[in-house]
Amino acid sequence: MAAAPRERSPFLGLLPLPERTAIAQALRTETVGGLVLLGAAVVALVWANTPWSETYERIRDFHFGIPQLGLDLSLGHWTADGLLTLFFLVAGIELKRELVVGELRTPATAALPVIAAISGMIVPAAFYAITASAGGGSLDGWAVPMATDIAFALAVLAVLSTHLPAALRAFLLTLAVVDDLGGILVIAVFFTSDLNLAALGGAFAGLVVFYLLQRFRVRGWWWYAPLGLTIWALMYNGGVHATVAGVAMGLILRTTRDKDEDRSPGERTSHLLHPVSAGLAVPLFALFAAGVSVSAASLSEVFTRPEPLGVVLGLVLGKTVGIFAGTYLAARFTRARLNPDLAWADVFALSALAGIGFTVALLIGELAFPDPAAAGPVKAAVLIASLTAAVLAALLLKRRNGVYRRLYEDENRDDDHDGIPDIYQVDAAVER
């Protein structure tokens, strides 16, 4: 007689141990980086609103580089176009890992987070478009409220001292990974300057060489570092935002291990660059992007001008409604069973937390509104919306923290001190 089919794990249920270990390592770095990011944003805001604000602007606008290679940029642009490429490189590696061995590797497990993430990008863009159109404003900023900043969100969780179960954190991470992909596609397609086909052809050729080096198992950073810098420079001169080079190389890097490897090239690269990205690159970008002048007049513009108001409504309401509705409808359509230890209120709280759209939102805001006079209120709107989403999520999560603490303790209990949580050994014993 054929064996009965194994019951599918519930939505937001216990993660497989290898997946949980990998996610815990990634989130640990993101949390520390998020706290540094939070500090950099505060420093930028304070600095830009003191008598030394002119010094801040002079440093941010200081130009240096190699003009002969088309790389004479301001310090602010070096952080946005250069250092932030490391962030997208790490994001590309994480997306590749999710596609190959993570939550996105099969349609059944990918359906819920992908639908939720897409809904969480479309609905905020619609909120912005409706608000901007109704007020007679520009539609150029429609993509600003689309992205979730996972590092900032995790920093909020760290400050709150919440005990979210691993499945909820993994769901938030997967949402952010798909969000990052959506953000980079928007940047690549909609925010390109005059294209230099020769430079783009060179960048593409460099990516082909990068792929061949991976394909033939060539090792050694001295091959990849100069090649990566060349690809980045060609992509920048090609008219496509240079961060696209980062995510492209991240997607090419191999994330599966050969028999003689302790770590795959993607794992090794992420291990080396993730702390640099989270602890240096993104905070430096925030330092020079978040320095907006705050006054009664500028704050009033956020709620009286259609573009910044659309950003606020898109991040705070659009993200919450989009992710929650997308998740709920996808679960009903796929007949997914929610973890009985959790409630839909937990998904709603996580959806509100995803309204923190700091890093990529600021980047797209700069690209959508090149004029500083127009970009200032939009940046202020991103900051206000992210703070509002953080406060709303904090209120929703804190009221359920007792449930989270119990689940967190259950899934981390290791009474026999063998390094493996007891809950995994109990499940294995039941199966035997």
# chains A, B, ... in the order shown; residues from 1 in each chain; ligands from 1

$ residues_around --residues "A:Ala166" --least-positions-apart "6" --cutoff "10 Å" --atoms "only C-alpha atoms" --output "JSON, numbers by chain"
{"A": [12, 13, 14, 15, 19, 20, 21, 23, 24, 27, 172, 404, 407, 408, 411, 412]}

$ residues_around --residues "A:Ser119" --least-positions-apart "3" --cutoff "9 Å" --atoms "only C-alpha atoms" --output "list in words"
Val114, Ile115, Ala116, Ile122, Val123, Pro124, Lys319, Val321, Gly322, Ile323, Phe324, Ala325, Gly326 and Thr327 of chain A

$ write_last_selection --atoms "N, CA and C atoms" --output "mmCIF file, in the first residue's frame"
data_model
loop_
_atom_site.group_PDB
_atom_site.id
_atom_site.type_symbol
_atom_site.label_atom_id
_atom_site.label_comp_id
_atom_site.auth_asym_id
_atom_site.auth_seq_id
_atom_site.Cartn_x
_atom_site.Cartn_y
_atom_site.Cartn_z
ATOM 1 N N VAL A 114 6.602 35.637 -2.384
ATOM 2 C CA VAL A 114 6.726 36.377 -3.641
ATOM 3 C C VAL A 114 5.463 37.188 -3.912
ATOM 4 N N ILE A 115 4.297 36.560 -3.739
ATOM 5 C CA ILE A 115 3.034 37.290 -3.948
ATOM 6 C C ILE A 115 2.920 38.433 -2.953
ATOM 7 N N ALA A 116 3.284 38.168 -1.699
ATOM 8 C CA ALA A 116 3.225 39.218 -0.680
ATOM 9 C C ALA A 116 4.151 40.376 -1.031
ATOM 10 N N ILE A 122 3.416 46.868 -5.498
ATOM 11 C CA ILE A 122 2.406 47.455 -6.386
ATOM 12 C C ILE A 122 1.484 48.410 -5.630
ATOM 13 N N VAL A 123 0.994 47.986 -4.469
ATOM 14 C CA VAL A 123 0.026 48.810 -3.732
ATOM 15 C C VAL A 123 0.641 50.138 -3.270
ATOM 16 N N PRO A 124 1.864 50.166 -2.692
ATOM 17 C CA PRO A 124 2.454 51.465 -2.344
ATOM 18 C C PRO A 124 2.639 52.374 -3.557
ATOM 19 N N LYS A 319 2.301 49.769 2.087
ATOM 20 C CA LYS A 319 3.069 48.574 2.432
ATOM 21 C C LYS A 319 2.262 47.638 3.333
ATOM 22 N N VAL A 321 -1.057 47.431 3.865
ATOM 23 C CA VAL A 321 -2.209 46.849 3.174
ATOM 24 C C VAL A 321 -1.755 45.866 2.101
ATOM 25 N N GLY A 322 -0.743 46.259 1.326
ATOM 26 C CA GLY A 322 -0.305 45.414 0.221
ATOM 27 C C GLY A 322 0.241 44.072 0.677
ATOM 28 N N ILE A 323 1.145 44.084 1.637
ATOM 29 C CA ILE A 323 1.757 42.821 2.089
ATOM 30 C C ILE A 323 0.742 41.950 2.812
ATOM 31 N N PHE A 324 -0.053 42.566 3.689
ATOM 32 C CA PHE A 324 -1.025 41.747 4.434
ATOM 33 C C PHE A 324 -2.067 41.151 3.484
ATOM 34 N N ALA A 325 -2.636 41.975 2.612
ATOM 35 C CA ALA A 325 -3.661 41.479 1.691
ATOM 36 C C ALA A 325 -3.091 40.433 0.751
ATOM 37 N N GLY A 326 -1.866 40.677 0.236
ATOM 38 C CA GLY A 326 -1.251 39.700 -0.646
ATOM 39 C C GLY A 326 -1.007 38.376 0.055
ATOM 40 N N THR A 327 -0.531 38.424 1.298
ATOM 41 C CA THR A 327 -0.270 37.202 2.064
ATOM 42 C C THR A 327 -1.566 36.457 2.374
#

$ closest_residue --among "A:Asp341, A:Thr230, A:Leu71, A:Ile150" --to "A:Arg405" --atoms "only C-alpha atoms"
A:Asp341

$ residues_around --residues "A:Asp180" --least-positions-apart "4" --cutoff "10 Å" --atoms "only C-alpha atoms" --output "ChimeraX atom specification"
/A:87-88,91-92,95,117,146-150,174-176,184-186,247,360

$ select_by_dssp --residues "stretch 9-44 of chain A" --states "alpha helix (DSSP H)" --output "PyMOL selection string"
chain A and resi 17-44

$ residues_around --residues "A:Ala394" --least-positions-apart "3" --cutoff "9 Å" --atoms "only C-alpha atoms" --output "mmCIF file with N, CA and C atoms, in the first residue's frame"
data_model
loop_
_atom_site.group_PDB
_atom_site.id
_atom_site.type_symbol
_atom_site.label_atom_id
_atom_site.label_comp_id
_atom_site.auth_asym_id
_atom_site.auth_seq_id
_atom_site.Cartn_x
_atom_site.Cartn_y
_atom_site.Cartn_z
ATOM 1 N N VAL A 156 15.104 48.062 14.542
ATOM 2 C CA VAL A 156 13.923 48.376 15.352
ATOM 3 C C VAL A 156 13.584 47.201 16.261
ATOM 4 N N LEU A 157 13.635 45.988 15.713
ATOM 5 C CA LEU A 157 13.362 44.798 16.525
ATOM 6 C C LEU A 157 14.378 44.666 17.652
ATOM 7 N N LEU A 160 13.597 47.144 20.334
ATOM 8 C CA LEU A 160 12.392 46.734 21.063
ATOM 9 C C LEU A 160 12.625 45.500 21.932
ATOM 10 N N ALA A 349 1.314 42.908 11.744
ATOM 11 C CA ALA A 349 2.377 43.674 12.399
ATOM 12 C C ALA A 349 3.656 43.647 11.568
ATOM 13 N N LEU A 353 5.804 46.703 9.775
ATOM 14 C CA LEU A 353 7.252 46.864 9.929
ATOM 15 C C LEU A 353 7.931 47.021 8.571
ATOM 16 N N ALA A 389 6.134 54.028 10.537
ATOM 17 C CA ALA A 389 5.966 52.578 10.395
ATOM 18 C C ALA A 389 6.625 51.841 11.552
ATOM 19 N N ALA A 390 7.790 52.332 11.998
ATOM 20 C CA ALA A 390 8.485 51.695 13.116
ATOM 21 C C ALA A 390 7.665 51.792 14.395
ATOM 22 N N VAL A 391 7.078 52.954 14.661
ATOM 23 C CA VAL A 391 6.269 53.127 15.872
ATOM 24 C C VAL A 391 5.021 52.259 15.811
ATOM 25 N N LEU A 397 3.696 44.772 17.676
ATOM 26 C CA LEU A 397 4.523 43.629 18.052
ATOM 27 C C LEU A 397 4.641 43.471 19.563
ATOM 28 N N LYS A 398 4.725 44.583 20.269
ATOM 29 C CA LYS A 398 4.895 44.514 21.722
ATOM 30 C C LYS A 398 3.714 43.828 22.411
ATOM 31 N N ARG A 399 2.527 44.044 21.885
ATOM 32 C CA ARG A 399 1.350 43.444 22.536
ATOM 33 C C ARG A 399 1.314 41.930 22.363
#
